[in-house]
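So this block is target.txt, compact mmCIF, C-alpha atoms and all ligand atoms:
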# COMPACT_ATOMS: atom_id res chain seq x y z
CA MET A 1 12.89 -37.29 -25.29
CA LYS A 2 15.39 -35.97 -22.75
CA PRO A 3 13.82 -35.65 -19.29
CA LEU A 4 13.22 -32.09 -18.15
CA THR A 5 15.42 -30.64 -15.41
CA THR A 6 13.54 -29.46 -12.32
CA PRO A 7 13.73 -25.73 -11.43
CA ALA A 8 15.60 -26.63 -8.22
CA ASP A 9 18.21 -28.66 -10.13
CA ALA A 10 18.47 -25.96 -12.82
CA SER A 11 19.20 -23.22 -10.30
CA GLN A 12 21.68 -25.46 -8.47
CA LEU A 13 23.55 -26.23 -11.68
CA ILE A 14 23.73 -22.49 -12.39
CA GLU A 15 24.86 -21.70 -8.83
CA PHE A 16 27.68 -24.26 -8.93
CA SER A 17 28.99 -23.04 -12.28
CA ILE A 18 28.76 -19.26 -11.86
CA PRO A 19 32.23 -17.77 -11.26
CA ALA A 20 32.74 -15.04 -8.66
CA ALA A 21 33.25 -11.53 -10.05
CA ALA A 22 36.78 -10.11 -9.90
CA GLU A 23 37.58 -7.57 -7.18
CA VAL A 24 38.32 -4.03 -8.35
CA THR A 25 39.17 -0.70 -6.69
CA ILE A 26 36.71 2.08 -7.38
CA GLU A 27 36.29 5.73 -6.39
CA LEU A 28 33.69 6.43 -3.69
CA ASP A 29 31.56 8.58 -6.01
CA LYS A 30 31.38 5.78 -8.58
CA SER A 31 30.45 3.04 -6.18
CA PHE A 32 26.70 3.45 -5.65
CA GLY A 33 24.97 0.08 -5.93
CA LYS A 34 28.25 -1.89 -5.97
CA LEU A 35 28.96 -4.90 -3.80
CA LEU A 36 31.66 -4.26 -1.20
CA ARG A 37 34.39 -6.93 -0.99
CA ARG A 38 36.64 -5.59 1.80
CA PRO A 39 35.51 -4.16 5.16
CA VAL A 40 35.47 -0.44 5.86
CA LEU A 41 36.82 0.37 9.34
CA ALA A 42 36.26 3.46 11.45
CA ASP A 43 39.53 5.42 11.07
CA ARG A 44 38.77 7.32 14.31
CA ASN A 45 36.24 7.36 17.11
CA ILE A 46 32.64 8.15 16.12
CA PRO A 47 31.96 10.89 16.94
CA PRO A 48 35.61 11.94 16.91
CA PHE A 49 35.17 14.59 19.65
CA ASP A 50 32.52 15.65 22.19
CA ARG A 51 30.10 17.41 19.84
CA ALA A 52 27.51 20.09 20.67
CA MET A 53 24.04 18.92 19.59
CA MET A 54 22.32 22.32 19.91
CA ASP A 55 23.04 25.96 19.23
CA GLY A 56 23.12 27.64 22.65
CA ILE A 57 25.55 28.14 25.49
CA ALA A 58 28.08 25.71 26.93
CA ILE A 59 28.34 25.80 30.70
CA HIS A 60 29.59 23.75 33.62
CA SER A 61 26.51 22.12 35.22
CA SER A 62 27.61 23.33 38.68
CA THR A 63 27.27 26.97 37.59
CA ASN A 64 24.97 29.33 39.52
CA ARG A 65 21.84 30.50 37.73
CA GLY A 66 22.79 34.09 37.71
CA ALA A 67 23.97 36.16 34.78
CA LEU A 68 26.75 34.26 33.08
CA ALA A 69 29.37 36.31 31.25
CA VAL A 70 29.80 35.12 27.65
CA GLU A 71 33.53 34.56 27.38
CA ALA A 72 33.66 33.72 23.65
CA VAL A 73 31.91 31.98 20.78
CA GLN A 74 32.75 28.36 20.14
CA ALA A 75 32.11 27.88 16.42
CA ALA A 76 31.97 24.58 14.56
CA GLY A 77 35.19 23.97 12.68
CA SER A 78 37.39 25.62 15.36
CA PRO A 79 39.50 23.89 17.99
CA ALA A 80 37.94 23.58 21.46
CA LEU A 81 38.22 26.76 23.57
CA THR A 82 38.52 26.68 27.38
CA LEU A 83 35.95 27.99 29.85
CA LEU A 84 37.95 30.17 32.20
CA ASP A 85 35.32 30.82 34.91
CA THR A 86 32.76 28.15 35.96
CA ASN A 87 30.23 30.93 36.52
CA ALA A 88 30.59 32.11 32.94
CA CYS A 89 29.70 30.46 29.62
CA LEU A 90 30.59 30.28 25.94
CA GLU A 91 28.17 30.55 23.09
CA VAL A 92 28.30 27.27 21.20
CA MET A 93 27.12 26.15 17.78
CA THR A 94 25.77 22.74 16.73
CA GLY A 95 28.65 20.58 15.53
CA ALA A 96 31.29 22.52 17.50
CA PRO A 97 33.60 20.77 19.98
CA ILE A 98 32.49 21.16 23.60
CA PRO A 99 34.82 23.72 25.20
CA VAL A 100 37.22 22.41 27.83
CA GLY A 101 35.66 22.90 31.29
CA CYS A 102 32.04 22.62 30.04
CA ASP A 103 29.82 19.57 30.52
CA CYS A 104 26.41 20.81 29.41
CA VAL A 105 24.76 22.69 26.54
CA VAL A 106 21.66 24.81 27.10
CA PRO A 107 19.67 25.46 23.89
CA ILE A 108 19.45 29.10 22.83
CA GLU A 109 15.63 28.97 23.14
CA GLU A 110 16.11 28.72 26.94
CA VAL A 111 18.64 31.57 27.14
CA THR A 112 18.49 35.36 26.94
CA ILE A 113 21.73 37.10 26.02
CA GLU A 114 22.02 40.82 26.71
CA ASN A 115 25.11 43.00 27.00
CA GLY A 116 27.43 40.00 26.98
CA GLN A 117 25.55 38.28 29.81
CA ALA A 118 23.57 35.05 29.38
CA LYS A 119 20.57 34.20 31.57
CA ILE A 120 19.01 30.72 31.58
CA SER A 121 15.17 30.57 31.85
CA GLU A 122 14.23 30.09 35.51
CA LYS A 123 12.13 26.97 35.02
CA TYR A 124 14.64 25.26 32.73
CA ALA A 125 16.38 22.27 34.37
CA TYR A 126 19.80 21.30 33.02
CA ALA A 127 22.24 18.58 33.94
CA ALA A 128 25.74 17.38 33.08
CA GLY A 129 25.83 15.72 29.67
CA ASP A 130 22.87 17.56 28.16
CA PHE A 131 23.07 17.89 24.38
CA ILE A 132 26.59 16.51 24.20
CA HIS A 133 27.21 13.73 21.68
CA ARG A 134 30.12 12.08 23.48
CA GLU A 135 33.29 11.07 21.65
CA ALA A 136 33.25 7.33 20.76
CA SER A 137 29.70 6.92 22.08
CA ASP A 138 28.64 5.40 18.71
CA HIS A 139 31.77 3.49 17.63
CA LEU A 140 35.44 3.10 18.47
CA ALA A 141 38.28 3.64 16.01
CA GLY A 142 38.97 0.30 14.34
CA ASP A 143 35.35 -0.92 14.50
CA THR A 144 34.10 -2.58 11.31
CA MET A 145 31.56 -0.16 9.90
CA LEU A 146 30.77 -1.94 6.62
CA GLU A 147 31.02 -5.70 6.19
CA PRO A 148 32.07 -7.35 2.92
CA GLY A 149 28.89 -8.28 1.07
CA SER A 150 27.22 -4.92 1.77
CA VAL A 151 25.43 -3.35 -1.16
CA LEU A 152 26.59 0.27 -1.26
CA GLY A 153 23.50 2.44 -0.98
CA ALA A 154 23.06 5.96 0.39
CA ALA A 155 23.65 5.05 4.06
CA GLU A 156 26.66 2.79 3.37
CA LEU A 157 28.33 5.44 1.18
CA ALA A 158 27.73 8.11 3.83
CA ILE A 159 29.56 5.88 6.32
CA ALA A 160 32.41 5.19 3.90
CA ALA A 161 32.76 8.93 3.26
CA SER A 162 32.85 9.75 6.97
CA CYS A 163 35.55 7.11 7.49
CA GLY A 164 37.62 8.64 4.68
CA ALA A 165 37.29 5.48 2.58
CA CYS A 166 37.57 7.26 -0.78
CA GLN A 167 38.46 4.13 -2.71
CA LEU A 168 36.55 0.95 -2.17
CA GLN A 169 37.16 -2.67 -3.08
CA VAL A 170 34.08 -3.90 -4.91
CA SER A 171 32.94 -6.64 -7.27
CA ARG A 172 33.63 -5.80 -10.90
CA THR A 173 30.38 -5.11 -12.77
CA PRO A 174 29.96 -7.84 -15.39
CA GLN A 175 29.77 -6.93 -19.08
CA ILE A 176 26.61 -8.63 -20.23
CA HIS A 177 25.76 -9.15 -23.88
CA LEU A 178 22.11 -9.55 -24.75
CA ILE A 179 21.29 -11.11 -28.09
CA THR A 180 17.66 -11.00 -29.12
CA THR A 181 16.57 -13.02 -32.13
CA GLY A 182 13.77 -13.21 -34.65
CA ASP A 183 12.94 -12.08 -38.21
CA GLU A 184 9.59 -10.76 -37.01
CA VAL A 185 11.10 -8.57 -34.27
CA ILE A 186 11.74 -4.90 -35.07
CA PRO A 187 12.94 -1.95 -32.93
CA PRO A 188 10.22 -0.17 -30.87
CA ALA A 189 10.57 3.01 -32.95
CA ALA A 190 10.08 1.23 -36.32
CA THR A 191 6.70 1.01 -38.05
CA PRO A 192 5.66 -2.66 -38.08
CA GLU A 193 4.27 -4.57 -41.02
CA PRO A 194 1.16 -6.55 -40.03
CA PHE A 195 3.28 -9.69 -39.38
CA GLN A 196 5.97 -7.97 -37.31
CA ILE A 197 6.17 -7.17 -33.60
CA ARG A 198 8.14 -4.57 -31.67
CA SER A 199 10.99 -5.76 -29.49
CA SER A 200 10.11 -5.50 -25.80
CA HIS A 201 12.75 -7.77 -24.24
CA PRO A 202 15.83 -5.51 -24.41
CA ILE A 203 14.34 -2.65 -22.42
CA ALA A 204 12.75 -5.05 -19.90
CA ILE A 205 15.95 -7.03 -19.33
CA LEU A 206 18.16 -3.95 -19.29
CA SER A 207 15.89 -2.18 -16.78
CA ALA A 208 15.74 -5.15 -14.42
CA ILE A 209 19.53 -5.60 -14.49
CA ASP A 210 20.18 -1.89 -14.27
CA SER A 211 17.81 -1.26 -11.35
CA GLY A 212 19.63 -3.87 -9.31
CA GLY A 213 23.08 -2.55 -10.40
CA LEU A 214 23.78 -6.11 -11.56
CA GLY A 215 25.58 -5.52 -14.82
CA SER A 216 26.32 -3.36 -17.80
CA VAL A 217 24.28 -4.57 -20.77
CA THR A 218 24.99 -4.18 -24.48
CA HIS A 219 22.42 -5.41 -26.96
CA THR A 220 22.44 -6.86 -30.47
CA HIS A 221 19.47 -8.13 -32.44
CA ILE A 222 19.99 -10.83 -35.02
CA ALA A 223 17.67 -12.22 -37.66
CA ASP A 224 16.91 -15.93 -37.82
CA ASP A 225 20.02 -16.50 -39.89
CA GLU A 226 22.56 -19.18 -39.13
CA MET A 227 25.64 -17.23 -40.27
CA ALA A 228 24.65 -14.07 -38.42
CA THR A 229 23.87 -16.09 -35.28
CA ARG A 230 27.19 -17.88 -35.45
CA GLU A 231 29.09 -14.61 -35.84
CA ALA A 232 27.20 -12.90 -33.01
CA LEU A 233 27.80 -15.85 -30.69
CA HIS A 234 31.55 -15.92 -31.44
CA HIS A 235 31.80 -12.19 -30.83
CA SER A 236 29.88 -12.33 -27.52
CA LEU A 237 31.76 -15.33 -26.19
CA ALA A 238 35.05 -13.58 -26.90
CA THR A 239 34.12 -10.22 -25.38
CA ALA A 240 31.41 -10.58 -22.69
CA ASP A 241 31.46 -11.96 -19.14
CA ILE A 242 27.90 -13.24 -19.39
CA LEU A 243 25.63 -13.85 -22.37
CA ILE A 244 21.85 -13.72 -22.36
CA LEU A 245 19.85 -14.74 -25.42
CA THR A 246 16.15 -14.53 -26.08
CA GLY A 247 14.13 -16.59 -28.53
CA GLY A 248 15.12 -19.28 -30.96
CA VAL A 249 15.54 -22.04 -28.36
CA SER A 250 12.49 -24.21 -29.03
CA LYS A 251 11.87 -26.60 -31.89
CA GLY A 252 11.24 -24.31 -34.88
CA LYS A 253 13.05 -24.66 -38.20
CA PHE A 254 14.82 -21.35 -37.59
CA ASP A 255 15.66 -21.94 -33.93
CA TYR A 256 19.45 -21.94 -34.38
CA ILE A 257 20.49 -20.98 -30.88
CA ALA A 258 20.71 -24.36 -29.14
CA PRO A 259 22.38 -26.34 -31.97
CA LEU A 260 24.91 -23.56 -32.58
CA LEU A 261 25.70 -23.22 -28.89
CA ASN A 262 26.08 -26.98 -28.62
CA GLU A 263 28.65 -26.73 -31.39
CA ILE A 264 30.45 -23.59 -30.19
CA ALA A 265 30.05 -23.67 -26.40
CA GLY A 266 29.64 -27.40 -25.74
CA THR A 267 26.75 -29.32 -24.27
CA ALA A 268 24.16 -27.40 -22.30
CA LEU A 269 24.13 -28.07 -18.56
CA PHE A 270 20.41 -28.36 -19.18
CA HIS A 271 17.96 -27.61 -21.99
CA GLY A 272 14.34 -27.91 -20.93
CA VAL A 273 13.02 -27.24 -17.44
CA SER A 274 9.82 -28.69 -15.93
CA GLN A 275 8.23 -25.28 -15.62
CA ARG A 276 5.60 -23.09 -17.22
CA PRO A 277 6.33 -20.69 -18.78
CA GLY A 278 9.93 -21.03 -19.85
CA LYS A 279 10.08 -24.77 -20.54
CA PRO A 280 12.69 -24.56 -23.36
CA PHE A 281 15.15 -22.58 -21.16
CA ALA A 282 18.77 -23.66 -21.71
CA TYR A 283 21.97 -22.91 -19.83
CA PHE A 284 25.60 -23.37 -20.87
CA GLU A 285 28.50 -22.88 -18.49
CA LYS A 286 31.41 -22.51 -20.96
CA PRO A 287 33.28 -20.47 -22.00
CA ILE A 288 31.12 -17.98 -20.09
CA PRO A 289 27.69 -18.41 -18.43
CA ILE A 290 25.09 -18.41 -21.23
CA PHE A 291 21.38 -18.07 -20.48
CA ALA A 292 19.20 -18.92 -23.48
CA LEU A 293 15.70 -17.73 -22.59
CA PRO A 294 12.61 -18.82 -24.49
CA GLY A 295 11.31 -15.88 -26.53
CA ASN A 296 7.78 -15.44 -25.16
CA PRO A 297 7.60 -12.30 -23.00
CA LEU A 298 6.35 -14.07 -19.87
CA SER A 299 8.99 -16.79 -20.27
CA VAL A 300 11.68 -14.13 -20.55
CA MET A 301 10.57 -12.34 -17.39
CA ALA A 302 10.04 -15.59 -15.47
CA CYS A 303 13.47 -17.00 -16.36
CA LEU A 304 15.09 -13.63 -15.79
CA ALA A 305 13.67 -13.34 -12.26
CA ARG A 306 13.98 -17.01 -11.31
CA TYR A 307 17.47 -17.75 -12.70
CA VAL A 308 19.34 -14.86 -14.32
CA LEU A 309 19.02 -12.15 -11.68
CA PRO A 310 19.84 -14.53 -8.77
CA ALA A 311 22.86 -15.78 -10.77
CA LEU A 312 24.07 -12.21 -11.34
CA LYS A 313 23.65 -11.50 -7.62
CA LEU A 314 25.64 -14.60 -6.76
CA HIS A 315 28.35 -13.63 -9.28
CA LEU A 316 28.67 -10.23 -7.56
CA GLY A 317 28.53 -11.72 -4.06
CA ILE A 318 25.05 -10.52 -3.06
CA LEU A 319 23.80 -13.35 -0.88
CA LYS A 320 20.22 -12.42 -0.07
CA GLY A 321 17.94 -15.38 0.54
CA VAL A 322 14.71 -16.02 -1.32
CA LYS A 323 11.57 -14.51 0.17
CA SER A 324 8.65 -16.80 0.98
CA LEU A 325 5.32 -15.02 0.96
CA PRO A 326 1.67 -16.05 1.28
CA LEU A 327 -0.61 -16.04 -1.73
CA SER A 328 -3.65 -13.77 -1.64
CA SER A 329 -5.89 -16.62 -2.83
CA PRO A 330 -5.51 -20.37 -3.51
CA ALA A 331 -3.10 -21.06 -6.38
CA PRO A 332 -3.96 -22.74 -9.68
CA LEU A 333 -1.84 -25.92 -9.40
CA HIS A 334 -0.34 -28.04 -12.16
CA PRO A 335 0.20 -31.79 -11.62
CA LYS A 336 3.59 -31.99 -13.36
CA LEU A 337 5.05 -28.54 -14.02
CA THR A 338 6.27 -25.86 -11.65
CA GLN A 339 4.46 -22.62 -12.40
CA LEU A 340 6.33 -19.35 -12.52
CA LEU A 341 3.43 -16.94 -12.22
CA ALA A 342 4.00 -13.20 -12.46
CA GLY A 343 2.65 -11.44 -9.40
CA ARG A 344 2.60 -8.22 -7.46
CA ILE A 345 3.36 -7.74 -3.79
CA GLU A 346 0.94 -5.80 -1.65
CA ASP A 347 0.65 -5.78 2.15
CA GLY A 348 3.12 -8.68 2.39
CA LYS A 349 1.01 -10.93 0.13
CA ILE A 350 1.48 -12.07 -3.47
CA TYR A 351 -1.31 -11.31 -5.91
CA PRO A 352 -0.79 -13.61 -8.92
CA SER A 353 -1.58 -12.41 -12.44
CA SER A 354 -3.80 -14.48 -14.72
CA PRO A 355 -2.23 -14.26 -18.19
CA ASN A 356 -4.04 -15.69 -21.21
CA ASN A 357 -0.79 -17.36 -22.36
CA SER A 358 2.95 -16.72 -22.17
CA GLY A 359 2.71 -14.12 -24.95
CA ASP A 360 0.32 -11.97 -22.91
CA TYR A 361 2.85 -9.31 -21.91
CA ALA A 362 0.18 -6.87 -20.70
CA ALA A 363 -0.43 -9.31 -17.80
CA LEU A 364 2.98 -8.27 -16.44
CA LEU A 365 1.78 -4.75 -15.67
CA GLY A 366 2.13 -3.89 -11.99
CA CYS A 367 3.92 -7.18 -11.25
CA HIS A 368 7.15 -7.22 -9.26
CA GLY A 369 8.42 -10.71 -10.04
CA VAL A 370 7.43 -14.39 -10.21
CA ILE A 371 5.96 -16.80 -7.70
CA GLU A 372 7.22 -20.36 -7.89
CA ILE A 373 4.36 -22.80 -7.43
CA PRO A 374 5.63 -26.40 -7.34
CA PRO A 375 3.65 -29.14 -9.10
CA SER A 376 0.86 -30.68 -7.05
CA THR A 377 -2.30 -32.69 -7.55
CA THR A 378 -4.02 -31.25 -4.48
CA THR A 379 -5.16 -27.67 -3.95
CA SER A 380 -3.13 -25.12 -2.03
CA PRO A 381 -4.73 -23.78 1.13
CA ALA A 382 -5.01 -19.99 1.32
CA ASN A 383 -1.95 -18.31 2.84
CA SER A 384 0.42 -21.14 1.79
CA LEU A 385 3.94 -19.78 1.46
CA TYR A 386 5.66 -19.67 -1.92
CA ASN A 387 9.06 -18.47 -3.05
CA PHE A 388 9.00 -15.09 -4.74
CA TYR A 389 11.70 -13.96 -7.18
CA PRO A 390 11.60 -10.22 -7.89
CA TRP A 391 12.63 -8.45 -11.07
CA ALA A 392 11.92 -5.06 -9.51
CA GLN A 393 13.08 -3.46 -6.28
CA ILE A 394 10.33 -4.01 -3.69
N1 LIG B 1 6.78 -27.63 -31.29
C1 LIG B 1 7.07 -26.86 -30.22
N2 LIG B 1 6.86 -25.55 -30.31
C2 LIG B 1 7.10 -24.78 -29.25
C3 LIG B 1 7.56 -25.36 -28.03
C4 LIG B 1 7.79 -26.75 -28.00
O1 LIG B 1 8.21 -27.31 -26.98
N3 LIG B 1 7.53 -27.46 -29.11
N4 LIG B 1 7.76 -24.55 -26.96
C5 LIG B 1 6.94 -23.37 -26.88
C6 LIG B 1 7.36 -22.56 -25.81
S1 LIG B 1 7.01 -23.12 -24.26
C7 LIG B 1 7.93 -21.34 -26.00
S2 LIG B 1 8.25 -20.31 -24.68
C8 LIG B 1 8.32 -20.84 -27.29
C9 LIG B 1 9.77 -20.40 -27.22
O2 LIG B 1 10.24 -20.32 -28.47
P1 LIG B 1 11.60 -19.63 -28.83
O3 LIG B 1 12.51 -19.50 -27.68
O4 LIG B 1 12.13 -20.28 -30.01
O5 LIG B 1 11.13 -18.14 -29.12
P2 LIG B 1 10.64 -17.50 -30.46
O6 LIG B 1 9.88 -18.49 -31.24
O7 LIG B 1 11.79 -16.86 -31.11
O8 LIG B 1 9.66 -16.41 -29.88
C10 LIG B 1 8.51 -16.73 -29.13
C11 LIG B 1 7.56 -15.55 -29.14
O9 LIG B 1 8.18 -14.42 -28.53
C12 LIG B 1 8.19 -13.31 -29.41
N5 LIG B 1 9.46 -12.56 -29.24
C13 LIG B 1 10.69 -13.01 -29.52
N6 LIG B 1 11.61 -12.06 -29.28
C14 LIG B 1 10.94 -10.97 -28.85
C15 LIG B 1 11.33 -9.66 -28.44
N7 LIG B 1 12.62 -9.28 -28.45
N8 LIG B 1 10.39 -8.82 -28.01
C16 LIG B 1 9.08 -9.21 -27.99
N9 LIG B 1 8.64 -10.44 -28.35
C17 LIG B 1 9.56 -11.31 -28.79
C18 LIG B 1 8.15 -13.94 -30.78
O10 LIG B 1 7.67 -13.06 -31.76
C19 LIG B 1 7.23 -15.12 -30.56
O11 LIG B 1 5.88 -14.72 -30.62
O12 LIG B 1 8.17 -21.82 -28.26
C20 LIG B 1 6.94 -22.56 -28.18
N10 LIG B 1 6.89 -23.42 -29.32
O1 LIG B 2 7.95 -20.99 -22.11
MO1 LIG B 2 6.65 -21.23 -23.06
O2 LIG B 2 6.26 -19.63 -22.55
O3 LIG B 2 6.05 -22.18 -21.58
O4 LIG B 2 5.06 -21.00 -23.62
Could you render the structure as structure tokens?
Ligand SMILES: Nc1nc2c(c(=O)[nH]1)N[C@H]1C(S)=C(S)[C@@H](COP(=O)(O)OP(=O)(O)OC[C@H]3O[C@@H](n4cnc5c(N)ncnc54)[C@H](O)[C@@H]3O)O[C@H]1N2
Ligand code: MOO
Amino acid sequence: MKPLTTPADASQLIEFSIPAAAEVTIELDKSFGKLLRRPVLADRNIPPFDRAMMDGIAIHSSTNRGALAVEAVQAAGSPALTLLDTNACLEVMTGAPIPVGCDCVVPIEEVTIENGQAKISEKYAYAAGDFIHREASDHLAGDTMLEPGSVLGAAELAIAASCGACQLQVSRTPQIHLITTGDEVIPPAATPEPFQIRSSHPIAILSAIDSGGLGSVTHTHIADDEMATREALHHSLATADILILTGGVSKGKFDYIAPLLNEIAGTALFHGVSQRPGKPFAYFEKPIPIFALPGNPLSVMACLARYVLPALKLHLGILKGVKSLPLSSPAPLHPKLTQLLAGRIEDGKIYPSSPNNSGDYAALLGCHGVIEIPPSTTTSPANSLYNFYPWAQI
């Protein structure tokens, strides 16, 4: 029997073979969740002018405390006015430019305005610079505001918008085909015969990929039929960037996936990983990356989190490291196989699930991903650190 590939070797083989996504230009309002490939620079100083931070009056700090004539109203969205008399003031609105000749804003709560005269509360102390957000005090024009490799979330897009970056260079979202297999597998809405089961993998895989913005998934289900499998594989390899398959990769009489891929796509980089669950996992690099996941629900989620999602991130250029977290209690160790145990994260610790077997999909409830527990013949002390691979945003 062929020796099993270790999880570390398997992920390295995937990493080395995964191509980088192409770079595409995209409109700002279509770029949420995308991976930025070119920097976004500040096109002007931030803030671009001395900005009033309060509604109130703008004065010169050397003014006397008497009644200050209100010369005009400085609104936001209007060019800066000029204070003509240092013992006068202008009303000023938040977001307006500071009028020329003023160096201080007094909030309206500390001012009484009557008959065109403003009076500052007697006990209120003011000084030059108060409530003025100085031009360029945050960033200078030309500063790099967003680095390549940034994932474009709400804050990043707000910055791009304020720099006028209305088109962004991002990684092209891969077109992912998902082929699920099995005569016994029917759509969730269908009424099952006693020997059938409802398909749970498509929605799980699609949700995990979608929530990370990692790809656009189309799905086909095929029966355990050699011709149909062959046709579906040819179609996917000709049209998709990445192919994911579930089921049909172990040793059953109707497990056509591996032999057909060997014929159509060439030899697998590996088929069989020293892990539980997910031992029959296979990966092919040509003509596109092909992930053949073992069909059991826990194997699918484990291989998805441990290999597929990190590979998609790498393809897009998302280079986040793996998190190491302590276990809530000593781990059940296996002498030969790495365990990929589903677990949930709470208070910075991993709480492993205890499934009955790799078909026990209800054990996944509340879990955020898988913990990788390497093989060992000794016990793990409490609080030992283990790598955690999420399938959900945590
Ligand atoms: N003689 C051997 N038998 C098996 C081995 C082995 O090494 N020697 N490996 C076992 C392991 S480990 C696993 S995992 C499974 C993987 O088998 P397949 O990849 O061929 O998967 P299937 O047999 O097609 O399905 C397994 C299980 O999952 C259910 N399934 C499949 N698709 C879906 C879906 N879309 N939604 C929900 N559930 C699905 C399917 O009904 C089966 O119950 O093989 C062991 N056998
Ligand atoms: O991958 Mo299988 O799930 O180890 O039973």
For segment 60-156 of chain A versus segment 310-330 of chain A, which residues have an atom no more than 10 Å away, and what is each residue's nearest atom pair and distance in Å rounded to one decimal, using only C-alpha atoms, chain-then-number order, as a Markdown table?
| residue | atom | partner | partner_atom | distance |
| --- | --- | --- | --- | --- |
| A:Pro148 | CA | A:Gly317 | CA | 9.0 |
| A:Gly149 | CA | A:Ile318 | CA | 6.1 |
| A:Ser150 | CA | A:Ile318 | CA | 7.7 |
| A:Val151 | CA | A:Ile318 | CA | 7.4 |
Fill in: Coordinates-based distance that separates atom CA of Ala42 of chain A from atom CA of Cys163 of chain A (Å, one decimal)
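Distance reported for this atom pair: 5.4 Å.
For the set A:Ile197, A:Ala189, A:Ala282, A:Ala75, the residue with the smallest atom-to-atom gap to Thr5 of chain A is A:Ala282, counting all atoms listed in the file.
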Discussion item. What does the list of residues within 6 Å of ligand LIG 2 (chain B) look like if you count all atoms listed in the file, written as a list in words?
Written reply: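 The residues near ligand LIG 2 (chain B) are Arg276, Pro277, Gly278, Lys279, Pro294, Asn296, Ser299 and Ser358 of chain A.
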Practice prompt. Enumerate as a ChimeraX atom specification the residues within 7 Å of ligand LIG 1 (chain B), counting only C-alpha atoms and all ligand atoms.
Written response: /A:180-182,184-185,197-202,246-252,255,277-280,293-297,299,358-359
